[in-house]
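Trainee: Contents of my_file.tsv (TSV, C-alpha atoms and all ligand atoms) are given next:
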```tsv
chain	number	residue	atom	x	y	z
A	1	MET	CA	16.54	-4.58	-14.93
A	2	ARG	CA	18.93	-1.84	-13.99
A	3	ASP	CA	19.10	0.98	-11.51
A	4	THR	CA	21.28	3.92	-12.50
A	5	THR	CA	22.33	7.32	-11.13
A	6	LYS	CA	19.82	8.83	-13.56
A	7	HIS	CA	17.05	6.85	-11.84
A	8	GLN	CA	18.41	7.97	-8.47
A	9	GLY	CA	18.26	11.60	-9.60
A	10	LEU	CA	14.65	11.19	-10.73
A	11	ARG	CA	13.75	9.62	-7.38
A	12	ASN	CA	15.26	12.56	-5.51
A	13	GLN	CA	13.10	14.87	-7.64
A	14	LEU	CA	10.00	12.78	-6.95
A	15	ALA	CA	10.70	12.98	-3.20
A	16	SER	CA	10.88	16.79	-3.50
A	17	ILE	CA	7.56	16.88	-5.36
A	18	LEU	CA	5.93	14.79	-2.62
A	19	GLU	CA	7.44	17.03	0.04
A	20	ALA	CA	5.95	20.07	-1.71
A	21	LYS	CA	2.57	18.31	-1.70
A	22	GLY	CA	2.67	17.90	2.07
A	23	ILE	CA	4.62	14.72	2.82
A	24	THR	CA	6.81	15.74	5.74
A	25	ASP	CA	7.77	12.37	7.23
A	26	LYS	CA	11.49	11.99	6.49
A	27	SER	CA	11.49	8.20	6.62
A	28	ILE	CA	8.77	8.07	3.95
A	29	LEU	CA	10.67	10.51	1.71
A	30	ASN	CA	13.76	8.35	2.20
A	31	ALA	CA	11.79	5.26	1.20
A	32	VAL	CA	10.79	7.03	-2.03
A	33	ARG	CA	14.45	7.90	-2.64
A	34	ASN	CA	15.47	4.27	-2.11
A	35	ILE	CA	12.86	2.20	-3.96
A	36	PRO	CA	13.48	1.64	-7.70
A	37	ARG	CA	9.88	2.30	-8.78
A	38	HIS	CA	10.77	1.84	-12.46
A	39	LEU	CA	11.25	-1.86	-11.79
A	40	PHE	CA	7.66	-2.17	-10.52
A	41	ILE	CA	5.99	-1.14	-13.75
A	42	ASP	CA	6.00	-2.32	-17.33
A	43	SER	CA	9.22	-1.25	-19.05
A	44	SER	CA	7.21	0.59	-21.73
A	45	PHE	CA	6.23	3.11	-19.02
A	46	GLU	CA	9.68	3.26	-17.49
A	47	GLU	CA	10.31	6.91	-18.38
A	48	HIS	CA	7.19	7.91	-16.42
A	49	ALA	CA	8.06	5.90	-13.33
A	50	TYR	CA	9.16	8.90	-11.30
A	51	GLN	CA	6.30	11.22	-12.13
A	52	ASP	CA	3.50	11.39	-9.61
A	53	LYS	CA	1.25	9.12	-11.68
A	54	ALA	CA	-0.65	5.85	-11.40
A	55	PHE	CA	0.09	3.18	-14.03
A	56	PRO	CA	-1.26	-0.12	-15.31
A	57	ILE	CA	0.32	-3.27	-13.90
A	58	ALA	CA	-0.80	-6.86	-14.63
A	59	ALA	CA	-4.41	-8.12	-14.44
A	60	ASN	CA	-6.03	-4.74	-15.22
A	61	GLN	CA	-4.83	-3.24	-11.95
A	62	THR	CA	-2.80	-0.11	-11.26
A	63	ILE	CA	0.17	0.90	-9.15
A	64	SER	CA	-1.08	3.80	-7.00
A	65	HIS	CA	0.20	7.38	-7.36
A	66	PRO	CA	3.38	7.87	-5.32
A	67	TYR	CA	1.56	10.69	-3.51
A	68	THR	CA	-1.27	8.35	-2.50
A	69	VAL	CA	1.19	5.74	-1.23
A	70	ALA	CA	3.12	8.38	0.74
A	71	PHE	CA	-0.07	9.98	2.06
A	72	GLN	CA	-1.49	6.66	3.29
A	73	SER	CA	1.83	5.78	4.92
A	74	GLN	CA	2.03	9.18	6.62
A	75	VAL	CA	-1.54	9.13	7.94
A	76	LEU	CA	-0.94	5.72	9.50
A	77	ASP	CA	2.00	7.16	11.47
A	78	ILE	CA	3.97	3.95	11.13
A	79	LYS	CA	6.61	3.08	13.72
A	80	LYS	CA	9.54	0.69	13.45
A	81	GLY	CA	8.62	-2.88	14.36
A	82	GLU	CA	4.86	-2.53	13.91
A	83	LYS	CA	2.78	-5.38	12.53
A	84	ILE	CA	0.92	-4.29	9.43
A	85	LEU	CA	-1.75	-5.89	7.27
A	86	GLU	CA	-1.94	-4.64	3.69
A	87	ILE	CA	-4.94	-5.34	1.46
A	88	GLY	CA	-4.07	-5.20	-2.25
A	89	THR	CA	-0.42	-6.17	-2.81
A	90	GLY	CA	-0.60	-5.19	-6.48
A	91	SER	CA	2.85	-4.27	-7.78
A	92	GLY	CA	4.28	-4.38	-4.26
A	93	TYR	CA	5.37	-0.72	-4.27
A	94	GLN	CA	3.35	0.19	-1.16
A	95	THR	CA	4.64	-3.02	0.47
A	96	ALA	CA	8.22	-1.87	-0.24
A	97	VAL	CA	7.51	1.51	1.38
A	98	LEU	CA	6.14	-0.24	4.49
A	99	LEU	CA	9.22	-2.48	4.63
A	100	GLU	CA	11.55	0.52	4.28
A	101	LEU	CA	9.86	1.76	7.48
A	102	LYS	CA	11.15	-1.44	9.16
A	103	THR	CA	7.79	-3.04	9.82
A	104	MET	CA	6.47	-6.60	9.69
A	105	VAL	CA	4.11	-6.78	6.74
A	106	TYR	CA	1.42	-9.32	5.87
A	107	THR	CA	0.05	-8.53	2.42
A	108	ILE	CA	-3.03	-9.96	0.68
A	109	GLU	CA	-3.78	-10.05	-3.06
A	110	ARG	CA	-6.83	-11.64	-4.68
A	111	GLN	CA	-5.52	-11.77	-8.27
A	112	HIS	CA	-3.45	-14.91	-8.64
A	113	GLU	CA	-1.34	-13.50	-11.47
A	114	LEU	CA	-0.28	-10.49	-9.37
A	115	PHE	CA	0.19	-12.57	-6.23
A	116	LYS	CA	2.57	-14.87	-8.11
A	117	LYS	CA	4.45	-12.12	-9.91
A	118	THR	CA	4.96	-9.85	-6.91
A	119	SER	CA	5.80	-12.62	-4.44
A	120	VAL	CA	8.75	-13.53	-6.68
A	121	PHE	CA	9.75	-9.98	-7.65
A	122	LEU	CA	9.83	-8.20	-4.26
A	123	PRO	CA	12.25	-10.61	-2.49
A	124	LYS	CA	14.42	-10.55	-5.60
A	125	ILE	CA	15.05	-6.83	-5.09
A	126	GLY	CA	15.47	-7.25	-1.33
A	127	TYR	CA	11.98	-6.61	0.09
A	128	ARG	CA	10.67	-9.43	2.26
A	129	PRO	CA	7.25	-9.20	3.89
A	130	LYS	CA	6.49	-11.73	6.62
A	131	ARG	CA	4.00	-13.29	4.26
A	132	PHE	CA	2.37	-12.94	0.83
A	133	ILE	CA	-1.21	-14.18	1.07
A	134	PHE	CA	-3.37	-15.18	-1.88
A	135	GLY	CA	-6.83	-14.47	-0.56
A	136	ASP	CA	-9.78	-12.17	-0.03
A	137	GLY	CA	-8.94	-8.90	1.70
A	138	TYR	CA	-12.53	-8.53	2.97
A	139	LYS	CA	-11.69	-11.30	5.43
A	140	GLY	CA	-8.31	-9.90	6.49
A	141	PHE	CA	-5.85	-12.44	7.93
A	142	PRO	CA	-7.10	-13.33	11.42
A	143	GLN	CA	-4.27	-15.84	12.00
A	144	GLN	CA	-1.84	-12.98	12.72
A	145	SER	CA	-4.23	-10.46	14.30
A	146	PRO	CA	-4.26	-8.08	16.07
A	147	TYR	CA	-2.43	-5.62	13.81
A	148	ASP	CA	-1.03	-2.20	14.72
A	149	LYS	CA	-2.06	-0.83	11.35
A	150	ILE	CA	-4.23	-2.03	8.46
A	151	ILE	CA	-3.96	-0.35	5.06
A	152	VAL	CA	-6.40	-0.95	2.20
A	153	THR	CA	-5.16	0.04	-1.26
A	154	ALA	CA	-8.35	-0.63	-3.27
A	155	GLY	CA	-11.68	1.21	-3.17
A	156	ALA	CA	-14.01	-0.57	-0.73
A	157	PRO	CA	-17.80	-0.24	-1.20
A	158	PHE	CA	-18.16	-0.60	2.59
A	159	VAL	CA	-15.92	-1.05	5.64
A	160	PRO	CA	-15.37	-4.78	6.24
A	161	LYS	CA	-16.13	-5.63	9.89
A	162	ALA	CA	-13.44	-8.30	9.86
A	163	LEU	CA	-10.78	-5.61	9.34
A	164	LEU	CA	-11.99	-3.49	12.25
A	165	ALA	CA	-12.04	-6.63	14.40
A	166	GLN	CA	-8.40	-7.43	13.57
A	167	LEU	CA	-7.04	-4.09	14.88
A	168	ARG	CA	-5.43	-3.92	18.28
A	169	VAL	CA	-6.80	-1.30	20.69
A	170	GLY	CA	-4.96	1.90	19.69
A	171	GLY	CA	-4.48	0.55	16.15
A	172	LYS	CA	-5.46	2.29	12.92
A	173	LEU	CA	-7.29	1.19	9.78
A	174	LEU	CA	-6.95	3.38	6.68
A	175	ILE	CA	-9.40	2.56	3.92
A	176	PRO	CA	-10.73	4.38	0.84
A	177	VAL	CA	-14.52	3.96	1.04
A	178	GLY	CA	-16.95	4.39	-1.83
A	179	GLU	CA	-17.83	3.29	-5.34
A	180	GLY	CA	-16.39	5.30	-8.24
A	181	GLU	CA	-14.70	7.88	-6.05
A	182	GLN	CA	-13.66	7.10	-2.49
A	183	VAL	CA	-13.31	9.02	0.74
A	184	MET	CA	-10.05	8.16	2.50
A	185	THR	CA	-11.27	7.07	5.91
A	186	LEU	CA	-9.23	6.52	9.06
A	187	PHE	CA	-10.54	4.44	11.97
A	188	ILE	CA	-8.74	4.47	15.31
A	189	ARG	CA	-9.68	1.71	17.72
A	190	LYS	CA	-10.31	3.39	21.08
A	191	SER	CA	-11.48	0.30	22.96
A	192	LEU	CA	-12.87	-3.13	22.15
A	193	LYS	CA	-16.13	-1.57	20.98
A	194	GLU	CA	-15.31	2.05	20.13
A	195	PHE	CA	-13.78	3.43	16.95
A	196	GLU	CA	-13.01	7.04	16.13
A	197	LYS	CA	-13.59	7.95	12.47
A	198	HIS	CA	-11.86	10.66	10.38
A	199	GLU	CA	-12.54	11.49	6.72
A	200	LEU	CA	-9.45	12.69	4.85
A	201	GLY	CA	-10.49	13.71	1.35
A	202	ASP	CA	-11.35	12.17	-2.01
A	203	PHE	CA	-9.23	9.64	-3.89
A	204	ARG	CA	-9.74	7.27	-6.80
A	205	PHE	CA	-8.70	3.61	-6.53
A	206	VAL	CA	-9.47	0.45	-8.50
A	207	PRO	CA	-12.37	-1.36	-6.82
A	208	MET	CA	-11.91	-3.86	-4.01
A	209	LEU	CA	-13.53	-7.00	-5.39
A	210	LYS	CA	-14.93	-10.17	-3.88
A	211	GLU	CA	-13.98	-13.74	-4.84
A	212	LYS	CA	-10.54	-14.77	-5.89
A	213	ASN	CA	-9.38	-15.42	-9.45
A	301	LIG	N1	-0.66	-1.19	-3.32
A	301	LIG	C1	-0.73	-1.47	-4.73
A	301	LIG	C2	-2.03	-0.94	-5.29
A	301	LIG	C3	-2.58	-1.86	-6.29
A	301	LIG	S1	-4.22	-1.52	-6.85
A	301	LIG	C4	0.47	-0.90	-5.46
A	301	LIG	O1	1.13	-0.01	-4.92
A	301	LIG	O2	0.75	-1.36	-6.56
A	301	LIG	C5	-5.22	-2.47	-5.73
A	301	LIG	C6	-4.92	-3.94	-5.63
A	301	LIG	O3	-5.93	-4.50	-4.78
A	301	LIG	C7	-4.99	-4.71	-6.94
A	301	LIG	O4	-3.82	-5.45	-7.10
A	301	LIG	C8	-6.21	-5.62	-6.76
A	301	LIG	O5	-6.10	-6.86	-7.43
A	301	LIG	C9	-6.24	-5.80	-5.25
A	301	LIG	N2	-7.54	-6.21	-4.69
A	301	LIG	C10	-8.79	-5.86	-5.13
A	301	LIG	N3	-9.73	-6.44	-4.34
A	301	LIG	C11	-9.07	-7.17	-3.41
A	301	LIG	C12	-9.48	-8.02	-2.33
A	301	LIG	N4	-10.78	-8.25	-2.05
A	301	LIG	N5	-8.52	-8.61	-1.57
A	301	LIG	C13	-7.19	-8.40	-1.82
A	301	LIG	N6	-6.74	-7.61	-2.83
A	301	LIG	C14	-7.66	-7.02	-3.62
```
How does this structure look as structure tokens?
Mentor:
Amino acid sequence: MRDTTKHQGLRNQLASILEAKGITDKSILNAVRNIPRHLFIDSSFEEHAYQDKAFPIAANQTISHPYTVAFQSQVLDIKKGEKILEIGTGSGYQTAVLLELKTMVYTIERQHELFKKTSVFLPKIGYRPKRFIFGDGYKGFPQQSPYDKIIVTAGAPFVPKALLAQLRVGGKLLIPVGEGEQVMTLFIRKSLKEFEKHELGDFRFVPMLKEKN
């Protein structure tokens, strides 16, 4: 596993592509320039690592498009020191972006194989979330709630109430909702009982599933 100046050059190009697509947040573009995405995917796809593409990882799952990761991070308007819950650790690439933004991340994965692989890999390359959780994202992680931000990186057939309940007032939940195709949906908690809802366009994610395996 190596990181070279060639990889660095490709990352700079990827950051420019994302900028052209509307990612303006400098700290997110810097995260893309810093994170060795080629180490997150199977080495047979290595040459594609810095194109704006999704790729297979273990357990029939995918690493999201860099644009999707950057878009979700930008919409959440993440600030240094915030406490974030991530549903769908997957390869850990989105987790690494959140950590580059100097946040405290709790990340949940339901596939044991991915949970195991990523919880060893990420710290090895210097990215340390507060906690890797093997569990069901529909339930969130109430032990550490409330969260400033909650990000869901799998397509949810409906909005889990538990996730809304674990947001602090003023906090934001970003979740792709729908089966097949999803509408990126942002909820802002206005008060204990009120949420503002914004729909932010169509995306395609792997489905958010119930029950662990
Ligand atoms: N953020 C990841 C995206 C991975 S794809 C990355 O950048 O690589 C979505 C991930 O969500 C998959 O790893 C899948 O196993 C996981 N997932 C699906 N349903 C889930 C659930 N109910 N709870 C937690 N994780 C779930």
Trainee: What are the nearest atom pairs, with distances in Å to one decimal, for all residues of chain A that come at most 7 Å from ligand LIG 301 (chain A), using only C-alpha atoms and all ligand atoms, set out by chain and rising residue number as a tab-separated table?
Mentor:
```
residue	atom	partner	partner_atom	distance
A:Gln61	CA	A:LIG301	C7	5.2
A:Thr62	CA	A:LIG301	S1	4.8
A:Ile63	CA	A:LIG301	O2	3.5
A:Ser64	CA	A:LIG301	O1	4.9
A:Val69	CA	A:LIG301	O1	6.8
A:Ile87	CA	A:LIG301	C13	5.0
A:Gly88	CA	A:LIG301	O3	3.2
A:Thr89	CA	A:LIG301	N1	5.0
A:Gly90	CA	A:LIG301	O4	3.3
A:Ser91	CA	A:LIG301	O2	3.8
A:Gly92	CA	A:LIG301	O2	5.2
A:Tyr93	CA	A:LIG301	O1	4.3
A:Gln94	CA	A:LIG301	O1	4.4
A:Thr95	CA	A:LIG301	N1	6.8
A:Ile108	CA	A:LIG301	C13	5.1
A:Glu109	CA	A:LIG301	N6	3.8
A:Arg110	CA	A:LIG301	C13	4.3
A:Gln111	CA	A:LIG301	O5	5.0
A:Leu114	CA	A:LIG301	O4	6.6
A:Gly135	CA	A:LIG301	N5	6.2
A:Asp136	CA	A:LIG301	N5	4.1
A:Gly137	CA	A:LIG301	N5	3.3
A:Tyr138	CA	A:LIG301	N4	5.3
A:Thr153	CA	A:LIG301	N1	5.1
A:Ala154	CA	A:LIG301	C5	4.4
A:Phe205	CA	A:LIG301	S1	6.8
A:Val206	CA	A:LIG301	S1	5.8
A:Pro207	CA	A:LIG301	C10	6.0
A:Met208	CA	A:LIG301	N3	3.4
A:Leu209	CA	A:LIG301	N3	4.0
A:Lys210	CA	A:LIG301	N4	4.9
A:Glu211	CA	A:LIG301	N4	6.9
```
Trainee: Between A:Asp42, A:Gln166, A:Val75, A:Lys102, single out the one closest to A:Gln143, counting all atoms listed in the file.
Mentor: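 Ranking A:Asp42, A:Gln166, A:Val75, A:Lys102 by distance to A:Gln143, first place goes to A:Gln166.
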Trainee: Atom CA of A:Tyr106 and atom CA of A:Pro142, how far apart in Å?
Mentor: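 Distance between the two atoms: 10.9 Å.
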Trainee: So how many Å separate atom CA of A:Leu98 and atom CA of A:His112, to one decimal?
Mentor: 21.9 Å
Trainee: Go ahead and find all residues with at least one atom no further than 8 Å from (14.7, -1.1, 2.6) in the file's coordinates, using only C-alpha atoms; report them as a PyMOL selection string.
Mentor: chain A and resi 31+34-35+96-97+99-102+126-127
Trainee: As number ranges by chain, please: the residues near A:Pro36 (cut-off 12 Å, only C-alpha atoms, same-chain neighbours under 3 positions excluded).
Mentor: A: 1-12, 14, 30-33, 39-41, 46, 49-50, 92-93, 96-97, 122, 125-127
Trainee: Ranking A:Tyr67, A:Ile78, A:Ile175, A:Glu196 by minimum distance to A:Ala20 and counting all atoms listed in the file, which one comes first?
Mentor: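 Among A:Tyr67, A:Ile78, A:Ile175, A:Glu196, it is A:Tyr67 that comes nearest to A:Ala20.
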Trainee: Which residues are close to A:Ser119, i.e. within 9 Å by all atoms listed in the file, leaving aside same-chain residues fewer than 4 positions away? Reply as a PyMOL selection string.
Mentor: chain A and resi 92+114-115+123-124+128+131-132
Trainee: What is the distance between atom CA of A:Val105 and atom CA of A:Ala70, in Å to one decimal?
Mentor: 16.3 Å
Trainee: Tell me which of A:Ala162, A:Ala156, A:Val120, A:Ala58 sits closest to A:Glu181, counting only C-alpha atoms.
Mentor: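 Ranking A:Ala162, A:Ala156, A:Val120, A:Ala58 by distance to A:Glu181, first place goes to A:Ala156.
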Trainee: With only C-alpha atoms as the atoms that count, which of A:Met184, A:Ile84, A:Gly201, A:Lys117 lies nearest to A:Gly171?
Mentor: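 Closest to A:Gly171, using only C-alpha atoms: A:Ile84.
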Trainee: Counting all atoms listed in the file, what is within 9 Å of A:Lys83, bar same-chain residues fewer than 6 positions away, as a ChimeraX atom specification?
Mentor: /A:103-106,144-150
Trainee: Output as AutoDock Vina command-line options the centre and edge lengths (Å, one decimal) of the box along x, y and z of the file that holds every listed atom of stretch 13-26 of chain A after adding 3 Å on each side.
Mentor:
```
--center_x 7.8 --center_y 16.0 --center_z -0.2 --size_x 16.5 --size_y 14.1 --size_z 20.9
```
Trainee: Please determine, counting only C-alpha atoms, which residue among A:Lys26, A:Arg204, A:Lys190, A:His198 has the shortest atom-to-atom distance to A:Ala54.
Mentor: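 Comparing A:Lys26, A:Arg204, A:Lys190, A:His198 against A:Ala54, the winner is A:Arg204.
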Trainee: For a cut-off of 12 Å around (-14.9, 5.4, 10.3), file coordinates, pick out all residues using only C-alpha atoms and list them as a PyMOL selection string.
Mentor: chain A and resi 158-161+163-164+172-177+183-190+194-200
